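What follows is one structure encoded as structure tokens, with my remarks underneath.
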Amino acid sequence: MASAEEYFDRLITDGLAESRMVQMTSLPLTRPIEKNQSAMYWNSLIRTVIGVSDWRCRTGTFSNPWNSKSSIEFAPPPLAYTPDSFDDIANTRALELLHEARTTDRQLLVLWSGGIDSTLVLTSFIKNMLPEDQERIVVCCNFASIIENTQFYIKHISNKLQCMDYQEFDLTPNLMKKFIVIHGDPGDCLQGPSVPAYAKLMPDGTHKKPWKNHIAELEQTCQMHTSNPSYTDGFGKWFVERVSENLEEVAPENVTTIADWWWWTYYNFKWEFSCQRPFYFSRQDYTTEFTKDLVEDYARNTYFNTADWQMWSYTNLQELVGMDRSTHKQHARDYIFELDHNQVYYDTKIKTAGAPANLEARRTSDLPFYFDQNWKGHYWTDTAVEEISIKLLMRFI
Amino acid sequence: MMYGLVSFHQNFFVLVNDNYKNTKLVQHLFGSQFPTMCVNLKLYKCRTDEISQKNSDSYALSPRLARFNEADTSVHRLVDDDCYIDTRESFGLAELTEDQHTIKTNFKFVYEFLNTYFSRLALLEERKLAAIDQKIEGVKQLEEFLLLQTGEDAFISTLSANQQERIRRGEGVVKNYNQQLLNAIMNLNIKKDTTELIGLLQFEMQSFQPVLASGNKRQSQVISTLASKSLTDTRKRING
């Protein structure tokens, strides 16, 4: 019979390995991890790479302290070229999801921040819905969304579509029985992500040069300045080596430039979490569990989590990012402009942090450390979680 | 930036702080030769003198300190030096050494600083209340503007009402965490039991952690400026 220690060791080690997500926020470590340099680098990931909450590779190898694997629902398609246009894929996807809503008798709950990605998603539904579909769409937003894209709200949402205050949005199994939750993540990835990381290389076009010939520049893009309190010596080198090894192992032929290398960091490592963000950020009770069917349903209906979108992004890698930021998300802008004719938004919309984030809830809620297969949260303070996690962190190579 | 002196026993300081670098600065003010346990809101603990972290924890949990805490119950505000002397004498401890007199002087400085600091916090509180009114007015104006564009729109009116309610409750805007902090410091100071004291510290640190998230950077800066001005004023008053 296993001792209590062995029991918890197995329980937590297995739990982390099978987890849906292990958060990478700064842990309240009570034991120093300086003795293990790899653990230090792992801890630095969240502070140096943009928007990292969980990090696991969908394909190839990239070890993590928890031995956590990617879920089948978010597996990448074989990377192949597609002739499909952006507009065709958006229209087809909207029709698919409208059909899914009709056949399962649910409404589409569109989380709309007013930014380009979620406006693109909403636009595709508006363009493709039949008059009787109008009742099927519910826009979940708040004042921040309306301020972000006021004209869109006035012209296409106000008194036309049902709305829900974002503050009232709480992702639960019951909600998923009534609604198909739709959001704009990971639209960023598909249309050229992480530009701020390599923005310094843009003026002379270095970001469009082969990454294999510019390892030193790549390392610079991920190394914090020594004056930064989160600076970890050698992190840039470690990180670039790990990602590059993974990239060479998978060897997608179209990933060639520094900008593409950064695309890969999102596409292969951040995709899965980004698709599932609402499970992490938009729940009031982290003890609720979601069945396998519900998680599969969610993944299948995640707007951008399709082979078509991913292959489109891969096919068009070379034009996702131009010589400057002026053409950022050009396809989405064009698609939206066709509906709203809002020249100001078309010309001036810049990348900002996504609303509608319930920041207050994020700050005040005690977020779990990891989530199991059913998205039930487990806390750092749960029995033995801290001890065993630190043990795994110390063993991380 | 120093948030507050939680307690002072024998020659031992406990500071609540928000980052290591600033803790070091404050310790420098006290004189780095004094044993000081600094607990910052990100759960770091640091020391400046030769006493190790382990010793520091042992000291905080020592029966001697526990007994001293028991004696230190008449104070319902930050301990001042008179009280320190009274409790010390009633507890039958030895007379103060020269070094300890120096500490006492430093402690007076800190005490003055805290008084100045908290009076400034009260002023900040008034301004925050005014800011809430302004924010509600802003929401009303936004509602009015949107309704002019859309005509009647029940959702906008609902959003506006919800938002105003949240602002009144202190949600969605900067929380009234200065008051929480003040209460925490006051409460911690009158606690008898060190285990409870440490437990409370941990609880308070956890509850403060979220407000130090990036979204509240500006608020942190305001408080930081406030503390720095208070320090300057105190220094002038003490010296002058």
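Residues in the structure tokens are numbered from 1 in each chain, the chains being A, B, ... in the order shown, and ligands are numbered from 1 in the order shown.
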
Check: Which residues come within 9 Å of Phe304 in chain A, counting only C-alpha atoms, excluding same-chain residues fewer than 2 positions away, as a ChimeraX atom specification?
Finding: /A:93,183-187,190,275,301-302,306-310

Next item on the list: Identify, on the basis of only C-alpha atoms, every residue whose closest approach to Gly60 in chain A does not exceed 7 Å; exclude the query and any residue fewer than 4 positions from it along the same chain; express the result as a PyMOL selection string.
Entry: chain A and resi 246+249-250

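Per DSSP on the backbone, strand (DSSP E or B) in range 206-382 of chain A comprises Pro210, Thr257, Tyr370, Phe371, Gly377 and His378 of chain A.
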
Note to self: Which residues are near range 143-149 of chain B? Cut-off 10 Å, only C-alpha atoms, ignore same chain within fewer than 6 positions. Put them as number ranges by chain.
What the structure shows: A: 143, 146-147, 150-151, 153-155, 158; B: 137, 156-161

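Distances from A:Tyr286, A:Phe74, A:Phe152, A:Phe125 to chain B were compared using only C-alpha atoms, and the smallest one belongs to A:Phe152.
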
Check: Which neighbours of range 252-267 of chain A fall inside 7 Å, counting only C-alpha atoms, when residues of the same chain fewer than 6 positions from it are skipped, and could you give them as number ranges by chain?
Finding: A: 189, 192-194, 207-211, 218, 317

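Across the model, the gap from CA of Ile157 in chain A to CA of Arg102 in chain A is 20.7 Å.
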
Item checked: Contacts of Asp382 in chain A within 12 Å, only C-alpha atoms, excl. fewer than 4 positions in-chain, as number ranges by chain -> A: 8, 11-12, 368-370, 377-378, 386-389

Please provide as a compact mmCIF listing (two decimals) with N, CA and C atoms, in the first residue's frame all residues within 12 Å of Phe337 in chain A, with the sequence filter that same-chain residues fewer than 2 positions apart are discarded (counting only C-alpha atoms).
```txt
# COMPACT_ATOMS: atom_id res chain seq x y z
N ILE A 116 -9.77 44.04 -33.60
CA ILE A 116 -9.87 43.53 -34.97
C ILE A 116 -10.32 42.06 -35.01
N THR A 119 -13.95 41.59 -33.94
CA THR A 119 -14.84 42.28 -34.88
C THR A 119 -14.90 41.49 -36.20
N LEU A 120 -13.77 40.93 -36.58
CA LEU A 120 -13.75 40.07 -37.77
C LEU A 120 -14.72 38.90 -37.59
N THR A 123 -18.26 40.14 -37.67
CA THR A 123 -18.58 40.55 -39.04
C THR A 123 -18.93 39.34 -39.90
N SER A 124 -18.19 38.26 -39.72
CA SER A 124 -18.45 37.08 -40.57
C SER A 124 -19.85 36.52 -40.29
N LYS A 127 -22.39 39.01 -41.88
CA LYS A 127 -22.41 38.90 -43.35
C LYS A 127 -23.15 37.65 -43.82
N GLN A 151 -18.55 53.00 -33.70
CA GLN A 151 -19.37 53.03 -34.91
C GLN A 151 -19.91 51.63 -35.25
N PHE A 152 -19.12 50.62 -35.00
CA PHE A 152 -19.57 49.25 -35.29
C PHE A 152 -20.77 48.91 -34.39
N GLN A 330 -4.06 43.10 -42.29
CA GLN A 330 -4.67 43.74 -43.45
C GLN A 330 -5.90 42.97 -43.95
N HIS A 331 -5.80 41.65 -44.00
CA HIS A 331 -6.93 40.86 -44.51
C HIS A 331 -8.17 41.06 -43.65
N ALA A 332 -7.98 41.05 -42.36
CA ALA A 332 -9.12 41.22 -41.46
C ALA A 332 -9.70 42.63 -41.60
N ARG A 333 -8.82 43.61 -41.72
CA ARG A 333 -9.30 44.99 -41.89
C ARG A 333 -10.15 45.11 -43.16
N ASP A 334 -9.67 44.52 -44.23
CA ASP A 334 -10.40 44.59 -45.49
C ASP A 334 -11.78 43.93 -45.36
N TYR A 335 -11.76 42.79 -44.67
CA TYR A 335 -13.01 42.03 -44.52
C TYR A 335 -14.03 42.83 -43.71
N LEU A 339 -17.93 45.53 -44.74
CA LEU A 339 -19.24 45.65 -44.09
C LEU A 339 -19.47 47.03 -43.52
N ASP A 340 -18.49 47.55 -42.77
CA ASP A 340 -18.80 48.76 -41.99
C ASP A 340 -18.37 50.07 -42.67
N HIS A 341 -17.53 50.00 -43.69
CA HIS A 341 -17.06 51.21 -44.40
C HIS A 341 -16.54 52.28 -43.44
N ASN A 342 -15.98 51.82 -42.35
CA ASN A 342 -15.46 52.78 -41.36
C ASN A 342 -13.98 53.06 -41.67
N GLN A 343 -13.76 54.14 -42.39
CA GLN A 343 -12.41 54.47 -42.86
C GLN A 343 -11.47 54.77 -41.69
N VAL A 344 -12.02 55.38 -40.65
CA VAL A 344 -11.17 55.75 -39.51
C VAL A 344 -10.63 54.49 -38.82
N TYR A 345 -11.53 53.56 -38.56
CA TYR A 345 -11.10 52.31 -37.91
C TYR A 345 -10.13 51.56 -38.82
N TYR A 346 -10.44 51.55 -40.10
CA TYR A 346 -9.60 50.84 -41.08
C TYR A 346 -8.19 51.42 -41.09
N ASP A 347 -8.10 52.74 -41.04
CA ASP A 347 -6.78 53.38 -41.17
C ASP A 347 -6.01 53.46 -39.86
N LYS A 349 -6.81 51.84 -36.55
CA LYS A 349 -6.88 50.86 -35.45
C LYS A 349 -5.50 50.27 -35.19
```

Item checked: Pick from A:Ile215, A:Leu171, A:Met311, A:Leu161 nearest to chain B, counting only C-alpha atoms -> A:Leu161

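Across the model, the gap from CA of Thr172 in chain A to CA of Val110 in chain A is 15.5 Å.
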
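In terms of minimum interatomic distance to Arg166 in chain B, A:Gln167 ranks closest within A:Gln167, A:Lys178, A:Glu319, A:Pro278, counting only C-alpha atoms.
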